[in-house]
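S.K.: Sharing coords-v3.cif (mmCIF, C-alpha atoms and all ligand atoms) below.
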data_structure
#
loop_
_atom_site.label_atom_id
_atom_site.label_comp_id
_atom_site.auth_asym_id
_atom_site.auth_seq_id
_atom_site.Cartn_x
_atom_site.Cartn_y
_atom_site.Cartn_z
CA MET A 219 0.00 0.00 0.00
CA LYS A 220 1.25 3.50 -0.77
CA ILE A 221 -0.08 6.65 0.88
CA TYR A 222 0.46 10.04 -0.72
CA ARG A 223 -0.45 13.17 1.25
CA ASN A 224 -1.56 16.43 -0.41
CA CYS A 225 -1.43 14.64 -3.74
CA SER A 226 -1.92 16.16 -7.22
CA LEU A 227 -5.10 15.09 -9.03
CA LEU A 228 -3.53 15.59 -12.45
CA PRO A 229 -2.51 11.93 -13.04
CA TYR A 230 -5.91 10.75 -11.76
CA ASN A 231 -8.35 12.34 -14.18
CA THR A 232 -8.58 12.11 -17.97
CA PHE A 233 -9.87 15.69 -18.24
CA GLY A 234 -6.37 16.69 -17.17
CA VAL A 235 -7.52 19.25 -14.63
CA ASP A 236 -5.26 20.14 -11.76
CA GLY A 237 -6.13 20.15 -8.10
CA ARG A 238 -5.18 18.32 -4.93
CA CYS A 239 -6.61 15.75 -2.57
CA SER A 240 -5.73 15.49 1.13
CA ALA A 241 -4.60 11.89 0.66
CA LEU A 242 -4.49 9.22 -2.00
CA VAL A 243 -3.89 5.57 -1.20
CA GLU A 244 -2.94 2.95 -3.77
CA TYR A 245 -3.72 -0.64 -2.84
CA ASP A 246 -3.00 -3.91 -4.62
CA THR A 247 -5.00 -6.50 -2.68
CA GLU A 248 -8.31 -6.90 -0.85
CA GLN A 249 -6.34 -7.25 2.40
CA GLU A 250 -4.68 -3.87 1.81
CA LEU A 251 -8.12 -2.33 1.29
CA CYS A 252 -9.17 -3.74 4.69
CA ASP A 253 -5.96 -2.30 6.22
CA ILE A 254 -6.85 1.12 4.78
CA MET A 255 -10.25 0.92 6.50
CA GLU A 256 -8.41 0.34 9.77
CA LEU A 257 -6.32 3.49 9.18
CA VAL A 258 -9.54 5.41 8.48
CA ARG A 259 -11.14 4.13 11.70
CA ASN A 260 -8.02 5.26 13.60
CA GLY A 261 -8.30 8.74 12.12
CA GLU A 262 -5.03 8.40 10.17
CA LEU A 263 -6.70 9.10 6.82
CA PRO A 264 -9.16 11.95 6.31
CA LEU A 265 -12.81 11.49 5.31
CA PRO A 266 -14.65 11.47 2.97
CA LEU A 267 -13.43 8.41 1.09
CA MET A 268 -13.87 8.00 -2.61
CA GLN A 269 -12.82 5.26 -4.97
CA ILE A 270 -11.03 6.42 -8.12
CA GLY A 271 -9.83 4.45 -11.11
CA GLN A 272 -8.26 6.32 -14.02
CA GLY A 273 -10.66 9.21 -13.40
CA SER A 274 -12.16 8.79 -16.86
CA ASN A 275 -15.65 9.79 -15.79
CA ILE A 276 -14.99 12.51 -13.26
CA LEU A 277 -14.64 16.29 -13.28
CA PHE A 278 -12.89 17.86 -10.29
CA THR A 279 -14.01 21.46 -9.86
CA ARG A 280 -12.23 21.90 -6.54
CA ASP A 281 -9.68 20.19 -4.31
CA PHE A 282 -10.89 16.91 -2.80
CA PRO A 283 -10.88 17.24 1.00
CA GLY A 284 -10.65 13.53 1.90
CA THR A 285 -8.93 10.33 0.78
CA LEU A 286 -9.03 8.89 -2.71
CA LEU A 287 -8.73 5.10 -2.89
CA HIS A 288 -6.94 3.98 -6.02
CA GLY A 289 -7.43 0.24 -6.51
CA ARG A 290 -4.84 -1.69 -8.49
CA ILE A 291 -6.05 -5.24 -7.84
CA CYS A 292 -4.92 -7.09 -10.96
CA GLY A 293 -5.15 -10.55 -12.45
CA ILE A 294 -7.38 -12.28 -14.97
CA GLN A 295 -8.34 -15.83 -14.14
CA VAL A 296 -10.58 -18.46 -15.74
CA LEU A 297 -12.93 -19.80 -13.08
CA ASN A 298 -15.01 -22.24 -15.04
CA SER A 299 -16.04 -23.22 -18.55
CA SER A 300 -18.72 -25.16 -20.41
CA ASP A 301 -18.83 -26.19 -24.06
CA LYS A 302 -20.14 -22.72 -25.01
CA GLU A 303 -19.10 -20.34 -22.25
CA VAL A 304 -16.27 -19.30 -20.02
CA TRP A 305 -16.40 -17.55 -16.64
CA VAL A 306 -13.49 -15.16 -16.18
CA LYS A 307 -12.66 -13.16 -13.07
CA ALA A 308 -10.77 -9.87 -13.43
CA GLY A 309 -9.39 -7.69 -10.65
CA ALA A 310 -11.08 -4.29 -10.40
CA GLY A 311 -7.72 -2.63 -11.16
CA VAL A 312 -7.22 -4.34 -14.52
CA VAL A 313 -7.13 -1.70 -17.26
CA TRP A 314 -10.43 -2.23 -19.10
CA ASP A 315 -8.97 -2.30 -22.59
CA ASP A 316 -6.29 -4.81 -21.50
CA PHE A 317 -9.14 -7.07 -20.40
CA VAL A 318 -10.88 -6.67 -23.78
CA SER A 319 -7.60 -7.39 -25.54
CA GLN A 320 -7.14 -10.62 -23.52
CA CYS A 321 -10.70 -11.69 -24.34
CA VAL A 322 -10.03 -11.19 -28.04
CA GLU A 323 -6.70 -13.08 -27.87
CA ASN A 324 -8.36 -16.00 -26.09
CA GLY A 325 -11.36 -16.21 -28.42
CA TRP A 326 -13.87 -15.10 -25.78
CA TYR A 327 -16.78 -13.25 -27.41
CA GLY A 328 -18.77 -10.42 -25.85
CA ALA A 329 -16.39 -7.63 -24.79
CA GLU A 330 -15.05 -6.58 -28.23
CA ASN A 331 -17.60 -3.79 -28.86
CA LEU A 332 -16.34 -2.14 -25.67
CA SER A 333 -12.77 -1.86 -27.00
CA LEU A 334 -10.67 1.20 -26.18
CA ILE A 335 -13.00 2.63 -23.50
CA PRO A 336 -10.75 4.32 -20.95
CA GLY A 337 -10.87 3.26 -17.30
CA LEU A 338 -10.50 0.18 -15.14
CA THR A 339 -12.57 -2.99 -14.94
CA GLY A 340 -14.07 -2.04 -11.56
CA SER A 341 -15.20 1.35 -12.88
CA ALA A 342 -16.68 -0.34 -15.96
CA ALA A 343 -18.91 -2.39 -13.65
CA VAL A 344 -19.91 0.67 -11.60
CA GLN A 345 -20.68 2.82 -14.63
CA ASN A 346 -22.19 0.07 -16.80
CA ILE A 347 -20.09 1.33 -19.70
CA GLY A 348 -21.65 0.92 -23.11
CA ALA A 349 -20.80 1.39 -26.76
CA TYR A 350 -21.81 0.13 -30.18
CA GLY A 351 -24.84 -1.82 -29.00
CA THR A 352 -23.24 -3.54 -26.00
CA GLU A 353 -23.32 -2.67 -22.31
CA VAL A 354 -20.91 -4.30 -19.90
CA LYS A 355 -23.87 -5.70 -17.92
CA ASP A 356 -24.51 -7.98 -20.92
CA ILE A 357 -21.34 -9.94 -20.09
CA ILE A 358 -21.14 -9.57 -16.29
CA SER A 359 -21.97 -12.60 -14.16
CA SER A 360 -21.26 -11.16 -10.69
CA VAL A 361 -19.47 -8.30 -8.92
CA ARG A 362 -17.51 -8.61 -5.67
CA CYS A 363 -17.28 -5.58 -3.37
CA LEU A 364 -16.12 -4.53 0.04
CA ASP A 365 -18.84 -2.58 1.79
CA ILE A 366 -16.74 0.02 3.54
CA ASP A 367 -19.66 0.84 5.85
CA ASP A 368 -19.59 -2.55 7.59
CA GLY A 369 -16.27 -4.01 6.37
CA VAL A 370 -17.99 -7.06 4.85
CA PHE A 371 -17.21 -8.51 1.40
CA LYS A 372 -20.34 -9.15 -0.66
CA THR A 373 -20.82 -10.75 -4.07
CA PHE A 374 -23.71 -9.46 -6.16
CA ASP A 375 -25.17 -11.68 -8.83
CA ILE A 376 -25.93 -9.84 -12.08
CA ASN A 377 -29.64 -9.67 -11.14
CA GLU A 378 -28.78 -7.87 -7.91
CA CYS A 379 -26.59 -5.19 -9.51
CA GLY A 380 -29.44 -2.81 -10.37
CA TYR A 381 -28.12 -2.21 -13.86
CA GLY A 382 -29.69 0.41 -16.13
CA TYR A 383 -28.40 2.84 -18.74
CA ARG A 384 -25.09 4.09 -17.25
CA ASP A 385 -26.48 3.15 -13.86
CA SER A 386 -25.97 0.49 -11.18
CA LEU A 387 -26.38 -0.30 -7.51
CA PHE A 388 -22.68 0.58 -7.06
CA LYS A 389 -23.27 4.09 -8.39
CA LYS A 390 -26.05 4.63 -5.86
CA ARG A 391 -24.38 2.95 -2.87
CA ARG A 392 -20.95 4.49 -2.92
CA SER A 393 -19.89 2.48 0.16
CA LEU A 394 -19.64 -0.56 -2.14
CA THR A 395 -16.06 -0.73 -3.41
CA VAL A 396 -15.66 -3.16 -6.29
CA THR A 397 -12.67 -5.50 -5.94
CA SER A 398 -13.30 -7.97 -8.78
CA VAL A 399 -15.75 -8.69 -11.55
CA THR A 400 -16.68 -12.08 -13.01
CA PHE A 401 -17.68 -12.17 -16.65
CA LYS A 402 -19.56 -14.79 -18.62
CA LEU A 403 -18.26 -14.82 -22.18
CA SER A 404 -19.10 -16.95 -25.17
CA THR A 405 -16.56 -19.33 -26.68
CA VAL A 406 -18.86 -19.79 -29.66
CA LYS A 407 -18.60 -17.22 -32.44
CA CYS A 408 -21.23 -14.48 -31.96
CA PHE A 409 -20.96 -10.80 -32.76
CA ASN A 410 -23.25 -7.91 -31.81
CA LEU A 411 -23.62 -5.87 -34.99
CA SER A 412 -26.73 -3.93 -33.95
CA TYR A 413 -24.91 -0.57 -34.27
CA SER A 414 -25.29 0.24 -37.93
CA ALA A 415 -21.88 1.88 -38.53
CA LEU A 416 -20.22 -1.23 -37.12
CA GLN A 417 -22.38 -3.54 -39.20
CA GLN A 418 -21.65 -1.57 -42.37
CA ALA A 419 -17.89 -1.59 -41.76
CA VAL A 420 -17.93 -5.33 -40.98
CA LEU A 421 -19.86 -6.08 -44.19
CA ALA A 422 -17.67 -3.75 -46.27
CA GLN A 423 -14.44 -5.30 -44.97
CA GLY A 424 -15.71 -8.87 -44.83
CA ALA A 425 -14.52 -9.05 -41.23
CA HIS A 426 -14.81 -12.52 -39.75
CA SER A 427 -12.69 -12.64 -36.62
CA LEU A 428 -12.84 -11.15 -33.15
CA SER A 429 -9.67 -9.16 -33.77
CA HIS A 430 -11.19 -7.67 -36.96
CA ILE A 431 -14.23 -6.54 -34.99
CA ARG A 432 -11.99 -5.07 -32.31
CA ASP A 433 -9.97 -3.20 -34.95
CA ILE A 434 -13.13 -1.78 -36.53
CA VAL A 435 -14.56 -0.71 -33.16
CA CYS A 436 -11.24 0.99 -32.34
CA SER A 437 -11.20 2.85 -35.63
CA ILE A 438 -14.84 4.03 -35.28
CA ARG A 439 -14.03 5.17 -31.76
CA ARG A 440 -10.84 6.98 -32.82
CA SER A 441 -12.73 8.75 -35.62
CA LYS A 442 -15.30 10.21 -33.19
CA LEU A 443 -13.69 10.52 -29.79
CA PRO A 444 -10.53 12.30 -28.67
CA ASP A 445 -7.49 10.41 -27.43
CA VAL A 446 -7.40 11.40 -23.76
CA SER A 447 -3.61 11.25 -23.73
CA THR A 448 -3.48 14.27 -26.05
CA LEU A 449 -6.82 16.03 -25.46
CA GLY A 450 -8.40 15.88 -22.02
CA SER A 451 -11.99 14.64 -21.90
CA ALA A 452 -14.24 12.14 -20.15
CA GLY A 453 -15.98 10.75 -23.23
CA SER A 454 -19.67 11.66 -23.36
CA PHE A 455 -20.26 14.46 -20.89
CA PHE A 456 -24.05 14.05 -20.75
CA LYS A 457 -26.32 11.02 -20.87
CA ASN A 458 -28.66 10.63 -23.81
CA PRO A 459 -32.01 11.82 -22.39
CA LEU A 460 -35.04 9.56 -22.23
CA VAL A 461 -38.36 11.29 -23.04
CA GLU A 462 -42.01 10.27 -23.32
CA ARG A 463 -42.97 9.14 -26.82
CA SER A 464 -45.69 11.81 -27.10
CA PHE A 465 -43.11 14.50 -26.32
CA PHE A 466 -40.76 12.99 -28.91
CA GLU A 467 -43.58 13.12 -31.50
CA SER A 468 -44.11 16.82 -30.76
CA LEU A 469 -40.38 17.49 -31.18
CA LYS A 470 -40.43 15.57 -34.46
CA GLN A 471 -43.12 17.86 -35.87
CA LYS A 472 -40.79 20.80 -35.44
CA TRP A 473 -37.49 18.99 -36.21
CA PRO A 474 -38.38 16.08 -38.55
CA ASP A 475 -34.80 14.75 -38.62
CA ILE A 476 -34.41 14.51 -34.83
CA PRO A 477 -32.95 11.05 -34.00
CA GLY A 478 -34.86 8.98 -31.45
CA PHE A 479 -34.35 5.39 -30.35
CA GLY A 480 -37.22 3.45 -28.80
CA ASP A 481 -38.10 -0.19 -28.44
CA ALA A 482 -39.29 -2.14 -31.47
CA SER A 483 -42.94 -2.16 -30.30
CA GLY A 484 -43.19 1.57 -31.02
CA ASN A 485 -44.39 2.19 -27.46
CA GLY A 486 -42.60 3.42 -24.38
CA PRO A 487 -40.03 6.19 -23.93
CA VAL A 488 -37.60 7.34 -26.59
CA LYS A 489 -33.89 7.99 -26.14
CA LEU A 490 -32.74 11.20 -27.81
CA SER A 491 -29.19 11.87 -29.04
CA ALA A 492 -27.78 14.54 -26.77
CA GLY A 493 -25.00 15.12 -29.34
CA TRP A 494 -27.60 16.06 -31.98
CA LEU A 495 -29.41 18.45 -29.61
CA ILE A 496 -26.12 20.15 -28.68
CA GLU A 497 -25.04 20.39 -32.31
CA LYS A 498 -28.40 21.97 -33.27
CA CYS A 499 -27.79 24.61 -30.60
CA GLY A 500 -24.63 25.54 -32.51
CA TRP A 501 -22.15 24.38 -29.90
CA LYS A 502 -20.21 21.79 -31.89
CA GLY A 503 -16.56 22.89 -32.17
CA LYS A 504 -17.21 26.01 -30.07
CA SER A 505 -15.35 26.94 -26.91
CA LEU A 506 -15.66 28.98 -23.76
CA GLY A 507 -12.20 30.03 -22.70
CA ARG A 508 -10.06 26.92 -22.39
CA ALA A 509 -13.00 24.48 -22.42
CA GLY A 510 -14.51 23.28 -25.68
CA VAL A 511 -17.18 21.16 -27.34
CA TYR A 512 -15.33 18.57 -29.44
CA GLN A 513 -15.57 19.33 -33.15
CA LYS A 514 -16.23 15.70 -34.15
CA GLN A 515 -18.74 14.76 -31.40
CA ALA A 516 -20.81 17.42 -29.66
CA LEU A 517 -21.52 15.19 -26.66
CA VAL A 518 -17.86 15.36 -25.67
CA LEU A 519 -16.46 18.33 -23.77
CA VAL A 520 -12.71 18.82 -23.95
CA ASN A 521 -9.96 20.57 -22.07
CA LEU A 522 -8.35 22.62 -24.84
CA SER A 523 -5.35 23.59 -22.76
CA GLY A 524 -5.00 23.94 -19.02
CA ALA A 525 -8.72 24.50 -18.29
CA THR A 526 -9.89 24.30 -14.71
CA GLY A 527 -12.68 21.94 -13.78
CA GLU A 528 -14.90 24.93 -13.03
CA GLU A 529 -14.34 26.29 -16.58
CA ILE A 530 -15.46 22.96 -18.05
CA ALA A 531 -18.44 22.80 -15.67
CA ALA A 532 -19.41 26.37 -16.66
CA LEU A 533 -19.38 25.37 -20.33
CA SER A 534 -21.51 22.30 -19.53
CA ARG A 535 -24.10 24.48 -17.78
CA LEU A 536 -24.31 26.86 -20.75
CA VAL A 537 -24.72 23.96 -23.17
CA ALA A 538 -27.42 22.32 -21.03
CA ASP A 539 -29.25 25.65 -20.61
CA ASP A 540 -29.29 26.22 -24.38
CA VAL A 541 -30.59 22.69 -25.04
CA PHE A 542 -33.34 23.22 -22.47
CA GLU A 543 -34.29 26.58 -23.92
CA LYS A 544 -34.48 25.29 -27.51
CA PHE A 545 -35.95 21.83 -27.00
CA GLY A 546 -37.35 21.75 -23.43
CA VAL A 547 -35.10 18.76 -22.73
CA SER A 548 -32.94 18.55 -19.57
CA LEU A 549 -29.49 17.05 -20.00
CA SER A 550 -27.98 15.26 -17.02
CA PRO A 551 -24.25 14.80 -16.80
CA GLU A 552 -22.89 11.31 -17.22
CA VAL A 553 -19.69 12.58 -15.67
CA LEU A 554 -19.47 12.82 -11.87
CA ILE A 555 -18.90 16.51 -11.08
CA LEU A 556 -17.14 17.09 -7.76
N1 LIG B 601 -25.06 13.12 -33.20
C1 LIG B 601 -25.08 14.35 -33.83
N2 LIG B 601 -24.04 15.20 -33.62
C2 LIG B 601 -23.02 14.89 -32.81
C3 LIG B 601 -22.99 13.65 -32.16
C4 LIG B 601 -24.04 12.77 -32.37
O1 LIG B 601 -25.99 14.66 -34.58
O2 LIG B 601 -22.12 15.75 -32.67
C5 LIG B 601 -26.19 12.20 -33.43
C6 LIG B 601 -26.12 11.45 -34.72
O3 LIG B 601 -27.44 11.31 -35.18
C7 LIG B 601 -25.64 10.09 -34.34
C8 LIG B 601 -26.26 9.93 -32.97
O4 LIG B 601 -26.24 11.23 -32.41
O5 LIG B 601 -26.08 9.14 -35.24
C9 LIG B 601 -25.55 8.98 -32.05
O6 LIG B 601 -24.17 9.35 -32.00
P1 LIG B 601 -23.06 8.29 -31.57
O7 LIG B 601 -23.30 7.01 -32.27
O8 LIG B 601 -21.73 8.93 -31.71
O9 LIG B 601 -23.39 7.98 -30.07
P2 LIG B 601 -23.84 8.87 -28.83
O10 LIG B 601 -25.26 8.56 -28.55
O11 LIG B 601 -23.48 10.29 -29.02
C10 LIG B 601 -23.29 6.95 -27.15
C11 LIG B 601 -22.52 6.75 -25.88
C12 LIG B 601 -21.04 6.65 -26.19
C13 LIG B 601 -20.80 5.47 -27.13
C14 LIG B 601 -21.63 5.71 -28.42
C15 LIG B 601 -21.56 4.55 -29.39
C16 LIG B 601 -23.79 7.84 -24.13
C17 LIG B 601 -23.88 8.99 -23.19
N3 LIG B 601 -22.75 7.85 -24.96
O12 LIG B 601 -22.92 8.22 -27.68
O13 LIG B 601 -20.38 6.35 -24.96
O14 LIG B 601 -19.43 5.35 -27.47
O15 LIG B 601 -23.02 5.87 -28.05
O16 LIG B 601 -22.32 3.51 -28.92
O17 LIG B 601 -24.65 6.96 -24.11
C18 LIG B 601 -19.33 7.45 -23.10
O18 LIG B 601 -20.26 7.01 -22.41
O19 LIG B 601 -18.42 8.14 -22.60
C19 LIG B 601 -19.33 7.18 -24.53
C20 LIG B 601 -18.40 7.68 -25.34
#
Just dump the structure as structure tokens.
M.R.:
Amino acid sequence: MKIYRNCSLLPYNTFGVDGRCSALVEYDTEQELCDIMELVRNGELPLPLMQIGQGSNILFTRDFPGTLLHGRICGIQVLNSSDKEVWVKAGAGVVWDDFVSQCVENGWYGAENLSLIPGLTGSAAVQNIGAYGTEVKDIISSVRCLDIDDGVFKTFDINECGYGYRDSLFKKRRSLTVTSVTFKLSTVKCFNLSYSALQQAVLAQGAHSLSHIRDIVCSIRRSKLPDVSTLGSAGSFFKNPLVERSFFESLKQKWPDIPGFGDASGNGPVKLSAGWLIEKCGWKGKSLGRAGVYQKQALVLVNLSGATGEEIAALSRLVADDVFEKFGVSLSPEVLIL
């Protein structure tokens, strides 16, 4: 375990905003996490506590007054297999894309559409990351956590994880600190080509293997989203809003080309594309000081150069206000703003 006092936040957030936390503790095992809890109980580490991975879904607008817990529990292990499936356990500190890469190398199907998403495996399970027609919940079997409120380890079966669109039990109950995730992957060839750009590229290239699919997903992603190592961002800043179908129909009368995604029955709520709404408000490629709206994807806010978290948050408020004024739709951040 390593404890850093008055630590810079710069290496711990993909927006690349500066700031400090009172303490940051790196731990490599479940036992070390328990030891940290002991230090907290003894008053040797300041509260509040917060788990942080690579900080790929967080915006710090001020210094963090407590202790950040940076989990680095590694290891990928096959637990079980059948003739069609394999159960694989990954430490919460495994870099998500390394996990996807291992799945592809081993011929395990299911994670490939989630290639190149920044962050760690534990954060993926908290956030229910999703891209190109797949959400991580589709391949999770169970999630193991330490409940830092009572110091007890608990394993949640997929049905107990409260998964929804970018939502989970672990997002709501922040005392649950994920230590490992078990995935159920297919060993029989099956691709999810429900996202049309992916399907078109696969058909055009005649892609037949897992590694082809991974390469195509990576290239679609690179064409739309900034590389956080050169341009700070946290991917999509807002969630795509869900609205009543009748409200969607009224929007469609005014803006016939507005994209909306509902279930096949034609009933129920409709998911709007926040990127489209933001673009229609004229924000795409625009900036406010050192914070910008990415020119290739309006749902992504970027740190153009040395922006503070508050500058980025101010831009996000302006964007959301404009979308509300024009369309009557409220945007909620996907990013955790602190
Ligand atoms: N669109 C625009 N202008 C834009 C951006 C998007 O008009 O500037 C419209 C287009 O109609 C486009 C549609 O929005 O067809 C959807 O765009 P895209 O496929 O790029 O996806 P998204 O809805 O903007 C979501 C996820 C992404 C994920 C992609 C691909 C959320 C909040 N975001 O974005 O996830 O990669 O789908 O599946 O659901 C993330 O969560 O950080 C993230 C990057």
S.K.: Given the choices A:Tyr383, A:Tyr350, A:Tyr512, A:Phe465, which gets closest to ligand LIG 601 (chain B) if the distance is worked out from all atoms listed in the file?
M.R.: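 Ranking A:Tyr383, A:Tyr350, A:Tyr512, A:Phe465 by distance to ligand LIG 601 (chain B), first place goes to A:Tyr350.
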S.K.: Could you check which of A:Asn331, A:Ser464, A:Gln417, A:Thr395 is closest to ligand LIG 601 (chain B), using all atoms listed in the file?
M.R.: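 Of the candidates, the smallest distance to ligand LIG 601 (chain B) is held by A:Asn331.
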S.K.: Taking only C-alpha atoms and all ligand atoms into account, which residues have an atom no farther than 8 Å from ligand LIG 601 (chain B)? I'd like them as an MDAnalysis selection string.
M.R.: chainID A and resid 275 335 347:352 383:384 413 439 442:443 452:458 476:477 490:498 502 513:518 552
S.K.: Skipping near chain neighbours, those fewer than 4 positions away, what residues fall within 7 Å of range 227-244 of chain A using all atoms listed in the file, listed as a ChimeraX atom specification?
M.R.: /A:219-223,272-274,276-277,280-290,446,450-452,521,524-527
S.K.: Please identify all polymer residues within 12 Å of Lys472 in chain A, counting only C-alpha atoms, omitting same-chain residues fewer than 5 positions from it, and present them as a list in words.
M.R.: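 Once the nearby chain positions are removed, what remains is Phe465, Phe466, Glu467, Lys544 and Phe545 of chain A.
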S.K.: Between CA of Lys489 in chain A and CA of Asp385 in chain A, what is the distance in Å, rounded to a tenth?
M.R.: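 Between these atoms lies a distance of 15.1 Å.
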S.K.: Counting only C-alpha atoms, figure out which residue out of A:Arg432, A:Ser427, A:Leu403, A:Leu536 gets nearest to Asp315 in chain A.
M.R.: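 So, comparing all the options, the nearest one is A:Arg432.
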S.K.: Quick one, how far is CA of Val488 in chain A from CA of Ile530 in chain A?
M.R.: 28.4 Å
S.K.: For Leu522 in chain A, please output as a ChimeraX atom specification all residues within 8 Å (counting only C-alpha atoms; exclusion window: fewer than 5 positions along the same chain).
M.R.: /A:449-450,508-510
S.K.: What does the distance from CA of Glu303 in chain A to CA of Thr405 in chain A come to in Å, to one decimal?
M.R.: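 Atom-to-atom, CA of Glu303 in chain A to CA of Thr405 in chain A, that is 5.2 Å.
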S.K.: Can I get the residues of range 322-418 of chain A within 8 Å of range 434-437 of chain A, each with the closest pair of atoms and their distance in Å to one decimal, using all atoms listed in the file, sorted chain first then ascending number, as CSV?
M.R.:
residue,atom,partner,partner_atom,distance
A:Glu330,CA,A:Val435,CA,7.7
A:Asn331,CA,A:Val435,CA,6.1
A:Leu332,CA,A:Val435,CA,7.8
A:Ser333,CA,A:Cys436,CA,6.2
A:Leu334,CA,A:Cys436,CA,6.2
A:Tyr350,CA,A:Val435,CA,7.9
A:Leu416,CA,A:Val435,CA,6.9
S.K.: Those residues you just picked out, can you put them in a file as a compact mmCIF listing (two decimals), in the frame of the given file with C-alpha atoms?
M.R.:
# COMPACT_ATOMS: atom_id res chain seq x y z
CA GLU A 330 -15.05 -6.58 -28.23
CA ASN A 331 -17.60 -3.79 -28.86
CA LEU A 332 -16.34 -2.14 -25.67
CA SER A 333 -12.77 -1.86 -27.00
CA LEU A 334 -10.67 1.20 -26.18
CA TYR A 350 -21.81 0.13 -30.18
CA LEU A 416 -20.22 -1.23 -37.12
S.K.: Can you fill out range 349-365 of chain A with N, CA and C atoms and hand it back as a PDB file, in the frame of the given file?
M.R.:
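Dumped to part_25.pdb:
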ATOM      1  N   ALA A 349     -21.141   0.832 -25.448  1.00  0.00           N
ATOM      2  CA  ALA A 349     -20.800   1.390 -26.760  1.00  0.00           C
ATOM      3  C   ALA A 349     -21.165   0.391 -27.839  1.00  0.00           C
ATOM      4  N   TYR A 350     -21.582   0.921 -28.976  1.00  0.00           N
ATOM      5  CA  TYR A 350     -21.810   0.130 -30.180  1.00  0.00           C
ATOM      6  C   TYR A 350     -22.713  -1.072 -29.925  1.00  0.00           C
ATOM      7  N   GLY A 351     -23.806  -0.800 -29.191  1.00  0.00           N
ATOM      8  CA  GLY A 351     -24.840  -1.820 -29.000  1.00  0.00           C
ATOM      9  C   GLY A 351     -24.624  -2.775 -27.852  1.00  0.00           C
ATOM     10  N   THR A 352     -23.511  -2.639 -27.131  1.00  0.00           N
ATOM     11  CA  THR A 352     -23.240  -3.540 -26.000  1.00  0.00           C
ATOM     12  C   THR A 352     -23.083  -2.715 -24.727  1.00  0.00           C
ATOM     13  N   GLU A 353     -23.610  -3.247 -23.621  1.00  0.00           N
ATOM     14  CA  GLU A 353     -23.320  -2.670 -22.310  1.00  0.00           C
ATOM     15  C   GLU A 353     -22.579  -3.740 -21.520  1.00  0.00           C
ATOM     16  N   VAL A 354     -21.740  -3.313 -20.601  1.00  0.00           N
ATOM     17  CA  VAL A 354     -20.910  -4.300 -19.900  1.00  0.00           C
ATOM     18  C   VAL A 354     -21.786  -5.253 -19.083  1.00  0.00           C
ATOM     19  N   LYS A 355     -22.967  -4.804 -18.667  1.00  0.00           N
ATOM     20  CA  LYS A 355     -23.870  -5.700 -17.920  1.00  0.00           C
ATOM     21  C   LYS A 355     -24.227  -6.954 -18.724  1.00  0.00           C
ATOM     22  N   ASP A 356     -24.154  -6.832 -20.062  1.00  0.00           N
ATOM     23  CA  ASP A 356     -24.510  -7.980 -20.920  1.00  0.00           C
ATOM     24  C   ASP A 356     -23.537  -9.150 -20.727  1.00  0.00           C
ATOM     25  N   ILE A 357     -22.338  -8.856 -20.223  1.00  0.00           N
ATOM     26  CA  ILE A 357     -21.340  -9.940 -20.090  1.00  0.00           C
ATOM     27  C   ILE A 357     -20.903 -10.143 -18.634  1.00  0.00           C
ATOM     28  N   ILE A 358     -21.518  -9.387 -17.694  1.00  0.00           N
ATOM     29  CA  ILE A 358     -21.140  -9.570 -16.290  1.00  0.00           C
ATOM     30  C   ILE A 358     -21.953 -10.719 -15.685  1.00  0.00           C
ATOM     31  N   SER A 359     -21.279 -11.523 -14.877  1.00  0.00           N
ATOM     32  CA  SER A 359     -21.970 -12.600 -14.160  1.00  0.00           C
ATOM     33  C   SER A 359     -22.164 -12.203 -12.689  1.00  0.00           C
ATOM     34  N   SER A 360     -21.129 -11.636 -12.072  1.00  0.00           N
ATOM     35  CA  SER A 360     -21.260 -11.160 -10.690  1.00  0.00           C
ATOM     36  C   SER A 360     -20.173 -10.123 -10.380  1.00  0.00           C
ATOM     37  N   VAL A 361     -20.393  -9.375  -9.307  1.00  0.00           N
ATOM     38  CA  VAL A 361     -19.470  -8.300  -8.920  1.00  0.00           C
ATOM     39  C   VAL A 361     -19.178  -8.452  -7.427  1.00  0.00           C
ATOM     40  N   ARG A 362     -17.892  -8.474  -7.081  1.00  0.00           N
ATOM     41  CA  ARG A 362     -17.510  -8.610  -5.670  1.00  0.00           C
ATOM     42  C   ARG A 362     -17.061  -7.242  -5.142  1.00  0.00           C
ATOM     43  N   CYS A 363     -17.550  -6.915  -3.950  1.00  0.00           N
ATOM     44  CA  CYS A 363     -17.280  -5.580  -3.370  1.00  0.00           C
ATOM     45  C   CYS A 363     -16.916  -5.711  -1.902  1.00  0.00           C
ATOM     46  N   LEU A 364     -16.199  -4.720  -1.405  1.00  0.00           N
ATOM     47  CA  LEU A 364     -16.120  -4.530   0.040  1.00  0.00           C
ATOM     48  C   LEU A 364     -17.089  -3.398   0.373  1.00  0.00           C
ATOM     49  N   ASP A 365     -17.974  -3.662   1.323  1.00  0.00           N
ATOM     50  CA  ASP A 365     -18.840  -2.580   1.790  1.00  0.00           C
ATOM     51  C   ASP A 365     -18.080  -1.851   2.886  1.00  0.00           C
TER      52      ASP A 365
END
